[in-house]
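This is model07.cif (mmCIF, C-alpha atoms).
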data_entry
loop_
_atom_site.label_atom_id
_atom_site.label_comp_id
_atom_site.auth_asym_id
_atom_site.auth_seq_id
_atom_site.Cartn_x
_atom_site.Cartn_y
_atom_site.Cartn_z
CA MET C 1 -11.65 -12.13 19.40
CA LEU C 2 -8.28 -11.28 20.90
CA GLN C 3 -8.42 -8.66 23.61
CA PRO C 4 -6.11 -5.66 23.20
CA ARG C 5 -2.93 -6.92 24.84
CA VAL C 6 0.70 -7.07 23.89
CA ASP C 7 2.83 -9.79 25.43
CA VAL C 8 6.12 -10.35 23.66
CA SER C 9 6.48 -13.78 25.20
CA THR C 10 3.17 -15.13 23.88
CA THR C 11 2.10 -13.05 20.85
CA ASN C 12 3.18 -14.75 17.64
CA ILE C 13 3.17 -12.98 14.29
CA GLY C 14 3.19 -14.30 10.75
CA VAL C 15 4.12 -12.04 7.84
CA VAL C 16 3.13 -12.98 4.29
CA GLY C 17 5.43 -11.29 1.81
CA ALA C 18 9.11 -10.35 1.83
CA GLY C 19 9.45 -7.39 -0.47
CA SER C 20 10.96 -4.20 0.88
CA TRP C 21 7.85 -3.16 2.83
CA GLY C 22 7.11 -6.63 4.17
CA THR C 23 10.70 -7.09 5.29
CA ALA C 24 10.90 -3.65 6.89
CA LEU C 25 7.74 -4.26 8.92
CA ALA C 26 8.65 -7.84 9.82
CA ASN C 27 12.08 -6.83 11.00
CA MET C 28 10.72 -3.86 12.96
CA LEU C 29 8.41 -6.20 14.86
CA ALA C 30 11.20 -8.72 15.38
CA VAL C 31 13.56 -6.05 16.70
CA LYS C 32 10.80 -5.03 19.10
CA GLY C 33 10.91 -8.55 20.50
CA PHE C 34 8.10 -10.41 18.79
CA SER C 35 8.64 -13.85 17.33
CA VAL C 36 8.01 -13.33 13.61
CA ASP C 37 7.70 -16.00 10.94
CA GLN C 38 7.92 -14.56 7.41
CA TRP C 39 6.90 -16.24 4.18
CA VAL C 40 9.36 -15.57 1.37
CA TYR C 41 8.23 -16.39 -2.15
CA GLU C 42 11.67 -16.50 -3.80
CA THR C 43 13.80 -19.43 -2.64
CA ASP C 44 17.07 -17.61 -3.28
CA VAL C 45 15.92 -14.61 -1.26
CA LYS C 46 14.89 -16.87 1.61
CA GLU C 47 18.22 -18.70 1.62
CA ALA C 48 20.13 -15.42 1.57
CA MET C 49 18.05 -14.08 4.45
CA LEU C 50 18.82 -17.21 6.47
CA ALA C 51 22.53 -17.28 5.65
CA GLU C 52 23.38 -13.58 5.51
CA LYS C 53 20.74 -12.08 7.83
CA GLU C 54 19.86 -9.64 5.05
CA ASN C 55 17.27 -9.34 2.29
CA GLN C 56 19.82 -8.32 -0.30
CA ARG C 57 17.37 -8.12 -3.19
CA PHE C 58 14.62 -6.00 -1.66
CA LEU C 59 16.09 -4.33 1.45
CA PRO C 60 19.89 -4.35 1.16
CA GLY C 61 22.03 -3.03 3.96
CA VAL C 62 19.61 -3.85 6.78
CA THR C 63 20.64 -6.52 9.29
CA LEU C 64 17.75 -8.80 10.18
CA SER C 65 16.85 -9.66 13.75
CA ASP C 66 17.37 -13.16 15.14
CA ASN C 67 13.65 -13.06 16.02
CA LEU C 68 12.77 -13.02 12.31
CA HIS C 69 12.39 -16.50 10.80
CA PRO C 70 12.19 -16.63 6.97
CA SER C 71 10.32 -19.61 5.57
CA GLY C 72 9.09 -21.01 2.29
CA ASP C 73 6.17 -22.83 3.96
CA LEU C 74 3.19 -20.50 3.62
CA ASN C 75 0.77 -22.48 5.76
CA SER C 76 3.19 -22.85 8.67
CA VAL C 77 3.88 -19.11 8.66
CA VAL C 78 0.21 -18.24 9.29
CA ALA C 79 -0.89 -21.26 11.35
CA GLY C 80 -1.28 -20.72 15.08
CA LYS C 81 -0.53 -17.00 14.90
CA ASP C 82 -2.19 -14.26 16.93
CA LEU C 83 -1.67 -11.78 14.11
CA VAL C 84 -1.11 -12.29 10.38
CA LEU C 85 0.33 -9.36 8.44
CA VAL C 86 -0.32 -9.45 4.69
CA VAL C 87 2.22 -7.52 2.59
CA THR C 88 1.90 -9.06 -0.85
CA PRO C 89 1.62 -7.16 -4.14
CA SER C 90 -2.06 -6.45 -4.62
CA HIS C 91 -2.37 -8.43 -7.85
CA VAL C 92 -1.24 -11.67 -6.15
CA THR C 93 -2.98 -11.18 -2.80
CA ARG C 94 -6.03 -13.25 -3.76
CA GLN C 95 -4.14 -16.30 -5.01
CA THR C 96 -1.58 -16.17 -2.20
CA MET C 97 -4.04 -15.84 0.66
CA ALA C 98 -6.44 -18.38 -0.88
CA ARG C 99 -3.63 -20.91 -0.50
CA CYS C 100 -3.25 -20.36 3.23
CA GLY C 101 -6.56 -18.87 4.38
CA HIS C 102 -7.74 -22.16 5.84
CA ALA C 103 -4.66 -22.28 8.09
CA ILE C 104 -5.35 -18.94 9.76
CA GLY C 105 -6.89 -19.50 13.17
CA PRO C 106 -10.46 -18.36 13.94
CA GLN C 107 -9.22 -15.85 16.55
CA ALA C 108 -6.27 -14.43 14.64
CA LEU C 109 -6.25 -10.81 13.59
CA VAL C 110 -5.41 -10.09 9.96
CA VAL C 111 -3.64 -6.83 9.08
CA SER C 112 -3.31 -5.72 5.47
CA ALA C 113 -0.37 -3.52 4.47
CA SER C 114 -0.90 -4.17 0.76
CA LYS C 115 -2.01 -1.19 -1.33
CA GLY C 116 -4.10 -1.64 -4.44
CA ILE C 117 -7.47 -2.31 -6.07
CA GLU C 118 -8.03 -5.62 -7.78
CA ASN C 119 -8.43 -5.29 -11.55
CA ARG C 120 -11.19 -7.84 -12.05
CA THR C 121 -13.40 -7.24 -9.02
CA HIS C 122 -12.48 -3.63 -8.10
CA LEU C 123 -12.16 -4.80 -4.49
CA THR C 124 -9.67 -3.28 -2.11
CA MET C 125 -7.44 -5.75 -0.28
CA SER C 126 -9.73 -6.02 2.75
CA GLY C 127 -12.50 -7.14 0.41
CA VAL C 128 -10.24 -9.71 -1.20
CA LEU C 129 -9.13 -11.05 2.18
CA ALA C 130 -12.73 -11.32 3.36
CA GLN C 131 -13.49 -13.50 0.35
CA VAL C 132 -10.54 -15.89 0.59
CA ILE C 133 -9.99 -16.31 4.36
CA PRO C 134 -12.77 -18.50 5.76
CA GLY C 135 -14.76 -16.87 8.55
CA LEU C 136 -12.82 -13.60 8.51
CA SER C 137 -15.11 -11.03 10.10
CA ALA C 138 -14.71 -7.26 10.04
CA ASP C 139 -13.79 -7.15 13.73
CA ARG C 140 -10.67 -9.25 13.04
CA LEU C 141 -9.44 -7.14 10.15
CA ALA C 142 -7.28 -4.01 10.10
CA VAL C 143 -5.41 -1.95 7.51
CA LEU C 144 -2.03 -0.29 8.04
CA SER C 145 -1.51 2.84 5.94
CA GLY C 146 0.22 6.21 5.87
CA PRO C 147 3.35 7.96 4.57
CA SER C 148 6.05 5.35 5.04
CA PHE C 149 8.91 4.36 2.76
CA ALA C 150 10.30 0.93 3.64
CA LYS C 151 13.94 2.00 3.56
CA GLU C 152 13.33 4.80 6.04
CA VAL C 153 11.36 2.59 8.42
CA ALA C 154 14.17 0.05 8.25
CA ARG C 155 16.61 2.81 9.20
CA GLN C 156 14.37 3.75 12.13
CA VAL C 157 13.58 7.18 10.73
CA ALA C 158 10.68 8.79 12.61
CA THR C 159 7.51 7.68 10.81
CA VAL C 160 3.81 8.19 11.55
CA VAL C 161 1.06 5.92 10.19
CA THR C 162 -2.52 4.97 10.95
CA VAL C 163 -4.35 1.68 11.56
CA ALA C 164 -7.91 1.44 10.29
CA SER C 165 -10.43 -1.04 11.63
CA SER C 166 -14.17 -1.03 12.12
CA ASP C 167 -13.56 -2.54 15.56
CA GLU C 168 -12.04 -0.22 18.17
CA LYS C 169 -10.42 -3.04 20.16
CA THR C 170 -8.80 -4.49 17.08
CA ALA C 171 -7.41 -1.10 16.10
CA ALA C 172 -6.05 -0.60 19.62
CA PHE C 173 -4.43 -4.03 19.62
CA VAL C 174 -2.71 -3.51 16.28
CA GLN C 175 -1.66 -0.02 17.33
CA GLN C 176 0.11 -1.42 20.39
CA VAL C 177 1.76 -4.21 18.41
CA PHE C 178 3.29 -1.88 15.83
CA VAL C 179 4.14 1.21 17.84
CA THR C 180 7.81 1.93 18.58
CA PRO C 181 9.67 5.10 19.60
CA TYR C 182 10.29 5.81 15.90
CA PHE C 183 7.06 4.35 14.43
CA ARG C 184 4.05 6.21 15.81
CA VAL C 185 0.62 4.70 15.11
CA TYR C 186 -2.78 6.40 15.17
CA THR C 187 -6.16 4.67 14.73
CA ILE C 188 -9.22 5.41 12.61
CA ASP C 189 -12.42 3.47 11.90
CA ASP C 190 -12.60 4.08 8.13
CA VAL C 191 -11.17 1.01 6.41
CA VAL C 192 -12.48 1.89 2.95
CA GLY C 193 -11.11 5.41 3.10
CA ALA C 194 -7.69 4.27 4.29
CA GLU C 195 -7.44 1.69 1.51
CA LEU C 196 -8.62 3.98 -1.26
CA GLY C 197 -6.24 6.72 -0.16
CA ALA C 198 -3.37 4.26 -0.16
CA ALA C 199 -4.24 2.81 -3.56
CA VAL C 200 -5.21 5.83 -5.64
CA LYS C 201 -2.30 7.99 -4.46
CA ASN C 202 -0.03 5.63 -6.38
CA VAL C 203 -1.81 6.60 -9.60
CA ILE C 204 -1.45 10.29 -8.81
CA ALA C 205 2.22 9.70 -7.98
CA ILE C 206 2.79 8.36 -11.49
CA ALA C 207 1.35 11.62 -12.80
CA ALA C 208 3.64 13.58 -10.49
CA GLY C 209 6.59 11.64 -11.84
CA VAL C 210 5.54 12.40 -15.42
CA ILE C 211 5.51 16.10 -14.55
CA ASP C 212 9.08 15.89 -13.28
CA GLY C 213 10.13 13.84 -16.28
CA LEU C 214 8.75 16.54 -18.56
CA GLY C 215 10.83 19.13 -16.71
CA LEU C 216 7.86 21.11 -15.43
CA GLY C 217 7.88 23.14 -12.25
CA LEU C 218 6.79 23.10 -8.64
CA ASN C 219 3.63 25.02 -9.52
CA THR C 220 2.50 22.11 -11.66
CA ARG C 221 3.31 19.53 -9.01
CA ALA C 222 1.46 21.44 -6.27
CA ALA C 223 -1.61 21.75 -8.48
CA LEU C 224 -1.46 18.06 -9.35
CA ILE C 225 -1.26 16.94 -5.71
CA THR C 226 -4.14 19.22 -4.74
CA ARG C 227 -6.42 18.16 -7.57
CA GLY C 228 -5.32 14.55 -7.16
CA LEU C 229 -6.56 14.64 -3.59
CA VAL C 230 -9.93 15.88 -4.88
CA GLU C 231 -10.13 12.82 -7.13
CA ILE C 232 -9.24 10.46 -4.29
CA ARG C 233 -11.90 12.06 -2.11
CA ARG C 234 -14.52 11.86 -4.85
CA LEU C 235 -14.00 8.15 -5.31
CA GLY C 236 -13.86 7.62 -1.57
CA LEU C 237 -17.20 9.31 -1.00
CA ALA C 238 -18.76 7.25 -3.78
CA MET C 239 -17.48 4.11 -2.04
CA GLY C 240 -18.77 5.09 1.40
CA ALA C 241 -15.59 6.50 2.95
CA GLN C 242 -15.50 9.31 5.50
CA PRO C 243 -14.39 12.69 4.09
CA ARG C 244 -12.06 13.47 7.00
CA THR C 245 -9.94 10.38 6.28
CA PHE C 246 -8.49 12.08 3.23
CA THR C 247 -7.13 14.98 5.27
CA GLY C 248 -5.15 12.54 7.41
CA LEU C 249 -2.17 10.23 7.17
CA ALA C 250 -3.82 7.70 4.87
CA GLY C 251 -4.93 10.50 2.55
CA VAL C 252 -2.96 13.68 2.06
CA GLY C 253 -0.01 12.39 4.10
CA ASP C 254 0.61 9.34 1.94
CA LEU C 255 -0.15 11.33 -1.22
CA ILE C 256 2.45 14.02 -0.52
CA LEU C 257 5.14 11.48 0.28
CA THR C 258 4.56 9.32 -2.78
CA CYS C 259 4.30 12.29 -5.16
CA THR C 260 7.49 13.97 -3.97
CA GLY C 261 9.83 11.30 -2.59
CA ASP C 262 12.71 9.92 -4.62
CA LEU C 263 12.13 6.50 -3.01
CA SER C 264 8.67 6.21 -4.61
CA ARG C 265 8.62 3.53 -7.31
CA ASN C 266 5.43 5.01 -8.74
CA HIS C 267 6.93 8.47 -9.01
CA THR C 268 10.08 6.97 -10.55
CA ILE C 269 8.23 5.06 -13.26
CA GLY C 270 6.18 8.16 -14.07
CA LYS C 271 9.31 10.27 -14.33
CA GLN C 272 10.87 7.81 -16.76
CA ILE C 273 7.72 7.85 -18.88
CA GLY C 274 7.85 11.63 -18.90
CA GLU C 275 11.42 11.37 -20.13
CA GLY C 276 10.24 9.29 -23.09
CA LYS C 277 10.61 5.68 -21.98
CA LYS C 278 7.90 3.08 -22.64
CA LEU C 279 5.99 1.29 -19.90
CA LYS C 280 6.70 -2.16 -21.32
CA ASP C 281 10.45 -1.60 -21.22
CA LEU C 282 10.33 -0.16 -17.70
CA LEU C 283 8.35 -3.10 -16.31
CA GLU C 284 10.87 -5.54 -17.78
CA GLU C 285 13.67 -3.73 -15.97
CA MET C 286 11.98 -3.56 -12.54
CA HIS C 287 12.24 -6.30 -9.93
CA MET C 288 9.91 -4.52 -7.52
CA VAL C 289 6.25 -3.66 -8.06
CA ALA C 290 4.97 -0.17 -8.85
CA GLU C 291 1.42 -0.69 -7.59
CA GLY C 292 0.06 2.36 -9.40
CA VAL C 293 0.49 0.75 -12.81
CA LYS C 294 -2.10 -1.95 -12.19
CA THR C 295 -4.21 0.25 -9.92
CA ALA C 296 -4.54 2.81 -12.73
CA ARG C 297 -6.60 0.28 -14.69
CA SER C 298 -8.81 -0.47 -11.69
CA VAL C 299 -9.37 3.20 -10.90
CA TYR C 300 -10.19 4.00 -14.52
CA ASN C 301 -12.81 1.26 -14.76
CA LEU C 302 -14.17 1.72 -11.24
CA SER C 303 -14.59 5.48 -11.63
CA ARG C 304 -16.43 5.02 -14.93
CA GLU C 305 -18.63 2.37 -13.33
CA ARG C 306 -19.45 4.69 -10.42
CA GLY C 307 -19.74 7.86 -12.50
CA VAL C 308 -16.91 9.60 -10.64
CA ASP C 309 -15.01 12.37 -12.45
CA MET C 310 -11.28 11.63 -12.18
CA PRO C 311 -9.51 13.36 -15.08
CA ILE C 312 -5.96 13.04 -13.77
CA SER C 313 -6.37 9.33 -13.08
CA HIS C 314 -7.92 8.82 -16.52
CA ALA C 315 -5.02 10.67 -18.14
CA VAL C 316 -2.56 8.36 -16.36
CA TYR C 317 -4.48 5.34 -17.62
CA HIS C 318 -4.38 6.57 -21.21
CA VAL C 319 -0.65 7.38 -20.99
CA LEU C 320 0.10 3.92 -19.59
CA TYR C 321 -2.23 1.77 -21.67
CA ASP C 322 -3.12 3.75 -24.79
CA ASP C 323 0.31 5.28 -25.38
CA LEU C 324 -1.07 8.81 -25.07
CA ASP C 325 1.74 11.34 -25.27
CA PRO C 326 2.26 12.88 -21.79
CA LYS C 327 2.41 16.41 -23.21
CA THR C 328 -0.90 15.85 -24.96
CA ALA C 329 -2.40 14.51 -21.73
CA LEU C 330 -1.26 17.62 -19.87
CA HIS C 331 -2.70 19.91 -22.55
CA GLN C 332 -6.03 18.08 -22.36
CA LEU C 333 -6.14 18.50 -18.58
CA MET C 334 -5.25 22.19 -18.72
CA THR C 335 -7.85 23.02 -21.39
CA ARG C 336 -10.86 21.26 -19.88
CA ASP C 337 -14.06 23.25 -19.33
CA LEU C 338 -13.65 25.89 -16.65
CA LYS C 339 -15.54 25.53 -13.37
CA GLN C 340 -15.64 26.64 -9.75
CA GLU C 341 -13.22 24.90 -7.40
CA LEU C 342 -14.75 24.43 -3.98
CA ASP C 343 -18.39 23.69 -4.70
CA GLU C 344 -17.54 20.30 -6.18
CA THR C 345 -18.06 16.96 -4.50
#

Encoded form (structure tokens):
Amino acid sequence: MLQPRVDVSTTNIGVVGAGSWGTALANMLAVKGFSVDQWVYETDVKEAMLAEKENQRFLPGVTLSDNLHPSGDLNSVVAGKDLVLVVTPSHVTRQTMARCGHAIGPQALVVSASKGIENRTHLTMSGVLAQVIPGLSADRLAVLSGPSFAKEVARQVATVVTVASSDEKTAAFVQQVFVTPYFRVYTIDDVVGAELGAAVKNVIAIAAGVIDGLGLGLNTRAALITRGLVEIRRLGLAMGAQPRTFTGLAGVGDLILTCTGDLSRNHTIGKQIGEGKKLKDLLEEMHMVAEGVKTARSVYNLSRERGVDMPISHAVYHVLYDDLDPKTALHQLMTRDLKQELDET
């Protein structure tokens, strides 16, 4: 395994994915001085990045570093790299990484910045990567998570995140690679907790958006965030996560940002649903992914499978997929059986 070292002249990085988050991270690393190859799925986006030094579709207004090298060749982007950063939408992570997994070197570290739970398997992205990248062991895998909007990172707004890995040296290496004066990185050893916090908060953010779309108040939003965190923690504990993870950046930090920030795609789609728009029409209009839409299905099925009580998440699922009226969903949540608050799991 790579030892924790950072040498700009010899450490090569491959980034898989060129949406707003992938481009923001790739460019941040390139500006820092790393040589970064980035796989871009859309040919027109790649050509524009090469010609204009800008990802006009997903991250407009940000000038790309000369150290960032967009490419349409997936295997060449990951081959021979010291670190491979995966920033694909969760629902295409399996098929994308299965195509190039064989090209990732046996010593390379793999960092996931994708946030979601696979619909069919209910695996988080680390589980998917472990299945499709030959020989990928836990000590070569890390997860980057925390409250971080791509546009703000690209503008070098002060941001604080965490890197989760079961291996302390891997976490320290990734921490040193990503840290900048405006991008502070902590480490934790709870990969499952970090991934579940990152994924489920998108579902809760849709609910927060619905609340705003309905014209409800700050009282309602505060209650939703608080009880949403309880649901995230419940599922996390059932999946073997550490309770303290959900009080940190990958838990409450990411949840607050995504439930309150205007840059949140999940909050935005929830708000539009609260205003009366239909999910099908909204998805046709969007060119970027709102991860919470697909994750809502995974969380609904996974929580039922595990026997975890997640009423807010279930309400989001029924609003999205069963056309439940948002006002009816809110009434059902508010009139559930009464119970004590703090003696719950």

Can you list what the PyMOL selection byres ((chain C and resi 288-294) around 6) grabs from this structure, as a PDB file with C-alpha atoms, in the coordinates of the input?
ATOM      1  CA  ASN C 202      -0.030   5.630  -6.380  1.00  0.00           C
ATOM      2  CA  VAL C 203      -1.810   6.600  -9.600  1.00  0.00           C
ATOM      3  CA  ARG C 265       8.620   3.530  -7.310  1.00  0.00           C
ATOM      4  CA  ASN C 266       5.430   5.010  -8.740  1.00  0.00           C
ATOM      5  CA  MET C 286      11.980  -3.560 -12.540  1.00  0.00           C
ATOM      6  CA  HIS C 287      12.240  -6.300  -9.930  1.00  0.00           C
ATOM      7  CA  THR C 295      -4.210   0.250  -9.920  1.00  0.00           C
ATOM      8  CA  ALA C 296      -4.540   2.810 -12.730  1.00  0.00           C
ATOM      9  CA  ARG C 297      -6.600   0.280 -14.690  1.00  0.00           C
TER      10      ARG C 297
END

How would you write, as a ChimeraX atom specification, the residues chosen by the PyMOL selection byres ((chain C and resi 20) around 8) on this structure? /C:18-19,21-24,58-59,150-151

With all atoms listed in the file counted, which protein, DNA or RNA residues have an atom no more than 6 Å from (-12.1, -5.6, 15.6) in the file frame? Please answer as JSON, numbers by chain. {"C": [139, 140, 167, 168, 169, 170]}

Option closest in space to C:Tyr186, from C:Val132, C:Met239, C:Ala172, C:Val86 [counting all atoms listed in the file]: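 Using all atoms listed in the file, the shortest distance to C:Tyr186 belongs to C:Ala172.
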
Take the PyMOL selection byres ((chain C and resi 243-247) around 8), apply it to the structure above, and return the hits as a PyMOL selection string. chain C and resi 190+193-194+197+229+232-233+236-237+241-242+248-253

Written file, previous selection with C-alpha atoms, as a JSON list (two decimals), in the coordinates of the input:
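For reference, again10.json as written:
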[["chain", "number", "residue", "atom", "x", "y", "z"],
["C", 190, "ASP", "CA", -12.60, 4.08, 8.13],
["C", 193, "GLY", "CA", -11.11, 5.41, 3.10],
["C", 194, "ALA", "CA", -7.69, 4.27, 4.29],
["C", 197, "GLY", "CA", -6.24, 6.72, -0.16],
["C", 229, "LEU", "CA", -6.56, 14.64, -3.59],
["C", 232, "ILE", "CA", -9.24, 10.46, -4.29],
["C", 233, "ARG", "CA", -11.90, 12.06, -2.11],
["C", 236, "GLY", "CA", -13.86, 7.62, -1.57],
["C", 237, "LEU", "CA", -17.20, 9.31, -1.00],
["C", 241, "ALA", "CA", -15.59, 6.50, 2.95],
["C", 242, "GLN", "CA", -15.50, 9.31, 5.50],
["C", 248, "GLY", "CA", -5.15, 12.54, 7.41],
["C", 249, "LEU", "CA", -2.17, 10.23, 7.17],
["C", 250, "ALA", "CA", -3.82, 7.70, 4.87],
["C", 251, "GLY", "CA", -4.93, 10.50, 2.55],
["C", 252, "VAL", "CA", -2.96, 13.68, 2.06],
["C", 253, "GLY", "CA", -0.01, 12.39, 4.10]]

Could you jot down the atom CA of C:Ser71 to atom CA of C:Tyr41 separation for me, Å, one decimal place?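 A separation of 8.6 Å between them.
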
N, CA and C atoms for stretch 63-84 of chain C, written as a PDB file, in the coordinates of the input, could you do that?
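File selection-v3.pdb, as written:
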ATOM      1  N   THR C  63      20.412  -5.259   8.584  1.00  0.00           N
ATOM      2  CA  THR C  63      20.640  -6.520   9.290  1.00  0.00           C
ATOM      3  C   THR C  63      19.345  -6.997   9.928  1.00  0.00           C
ATOM      4  N   LEU C  64      18.999  -8.242   9.679  1.00  0.00           N
ATOM      5  CA  LEU C  64      17.750  -8.800  10.180  1.00  0.00           C
ATOM      6  C   LEU C  64      17.899  -9.362  11.576  1.00  0.00           C
ATOM      7  N   SER C  65      16.861  -9.202  12.360  1.00  0.00           N
ATOM      8  CA  SER C  65      16.850  -9.660  13.750  1.00  0.00           C
ATOM      9  C   SER C  65      16.845 -11.186  13.834  1.00  0.00           C
ATOM     10  N   ASP C  66      17.421 -11.709  14.887  1.00  0.00           N
ATOM     11  CA  ASP C  66      17.370 -13.160  15.140  1.00  0.00           C
ATOM     12  C   ASP C  66      15.954 -13.629  15.420  1.00  0.00           C
ATOM     13  N   ASN C  67      15.052 -12.702  15.766  1.00  0.00           N
ATOM     14  CA  ASN C  67      13.650 -13.060  16.020  1.00  0.00           C
ATOM     15  C   ASN C  67      12.837 -13.197  14.740  1.00  0.00           C
ATOM     16  N   LEU C  68      13.455 -12.903  13.605  1.00  0.00           N
ATOM     17  CA  LEU C  68      12.770 -13.020  12.310  1.00  0.00           C
ATOM     18  C   LEU C  68      13.162 -14.333  11.661  1.00  0.00           C
ATOM     19  N   HIS C  69      12.152 -15.141  11.294  1.00  0.00           N
ATOM     20  CA  HIS C  69      12.390 -16.500  10.800  1.00  0.00           C
ATOM     21  C   HIS C  69      11.826 -16.654   9.390  1.00  0.00           C
ATOM     22  N   PRO C  70      12.646 -16.460   8.352  1.00  0.00           N
ATOM     23  CA  PRO C  70      12.190 -16.630   6.970  1.00  0.00           C
ATOM     24  C   PRO C  70      11.829 -18.081   6.687  1.00  0.00           C
ATOM     25  N   SER C  71      10.785 -18.265   5.867  1.00  0.00           N
ATOM     26  CA  SER C  71      10.320 -19.610   5.570  1.00  0.00           C
ATOM     27  C   SER C  71       9.687 -19.642   4.184  1.00  0.00           C
ATOM     28  N   GLY C  72       9.772 -20.800   3.561  1.00  0.00           N
ATOM     29  CA  GLY C  72       9.090 -21.010   2.290  1.00  0.00           C
ATOM     30  C   GLY C  72       7.776 -21.740   2.445  1.00  0.00           C
ATOM     31  N   ASP C  73       7.400 -22.080   3.677  1.00  0.00           N
ATOM     32  CA  ASP C  73       6.170 -22.830   3.960  1.00  0.00           C
ATOM     33  C   ASP C  73       5.072 -21.852   4.349  1.00  0.00           C
ATOM     34  N   LEU C  74       4.212 -21.532   3.406  1.00  0.00           N
ATOM     35  CA  LEU C  74       3.190 -20.500   3.620  1.00  0.00           C
ATOM     36  C   LEU C  74       2.232 -20.867   4.737  1.00  0.00           C
ATOM     37  N   ASN C  75       1.749 -22.086   4.751  1.00  0.00           N
ATOM     38  CA  ASN C  75       0.770 -22.480   5.760  1.00  0.00           C
ATOM     39  C   ASN C  75       1.345 -22.426   7.173  1.00  0.00           C
ATOM     40  N   SER C  76       2.585 -22.861   7.335  1.00  0.00           N
ATOM     41  CA  SER C  76       3.190 -22.850   8.670  1.00  0.00           C
ATOM     42  C   SER C  76       3.430 -21.432   9.165  1.00  0.00           C
ATOM     43  N   VAL C  77       3.647 -20.502   8.252  1.00  0.00           N
ATOM     44  CA  VAL C  77       3.880 -19.110   8.660  1.00  0.00           C
ATOM     45  C   VAL C  77       2.627 -18.498   9.275  1.00  0.00           C
ATOM     46  N   VAL C  78       1.443 -18.855   8.780  1.00  0.00           N
ATOM     47  CA  VAL C  78       0.210 -18.240   9.290  1.00  0.00           C
ATOM     48  C   VAL C  78      -0.478 -19.087  10.357  1.00  0.00           C
ATOM     49  N   ALA C  79      -0.183 -20.373  10.418  1.00  0.00           N
ATOM     50  CA  ALA C  79      -0.890 -21.260  11.350  1.00  0.00           C
ATOM     51  C   ALA C  79      -0.511 -20.942  12.798  1.00  0.00           C
ATOM     52  N   GLY C  80      -1.518 -20.907  13.660  1.00  0.00           N
ATOM     53  CA  GLY C  80      -1.280 -20.720  15.080  1.00  0.00           C
ATOM     54  C   GLY C  80      -0.841 -19.329  15.484  1.00  0.00           C
ATOM     55  N   LYS C  81      -0.984 -18.358  14.606  1.00  0.00           N
ATOM     56  CA  LYS C  81      -0.530 -17.000  14.900  1.00  0.00           C
ATOM     57  C   LYS C  81      -1.642 -16.168  15.525  1.00  0.00           C
ATOM     58  N   ASP C  82      -1.242 -15.227  16.369  1.00  0.00           N
ATOM     59  CA  ASP C  82      -2.190 -14.260  16.930  1.00  0.00           C
ATOM     60  C   ASP C  82      -2.496 -13.157  15.930  1.00  0.00           C
ATOM     61  N   LEU C  83      -1.519 -12.859  15.089  1.00  0.00           N
ATOM     62  CA  LEU C  83      -1.670 -11.780  14.110  1.00  0.00           C
ATOM     63  C   LEU C  83      -0.974 -12.183  12.817  1.00  0.00           C
ATOM     64  N   VAL C  84      -1.670 -12.013  11.697  1.00  0.00           N
ATOM     65  CA  VAL C  84      -1.110 -12.290  10.380  1.00  0.00           C
ATOM     66  C   VAL C  84      -1.063 -10.978   9.607  1.00  0.00           C
TER      67      VAL C  84
END
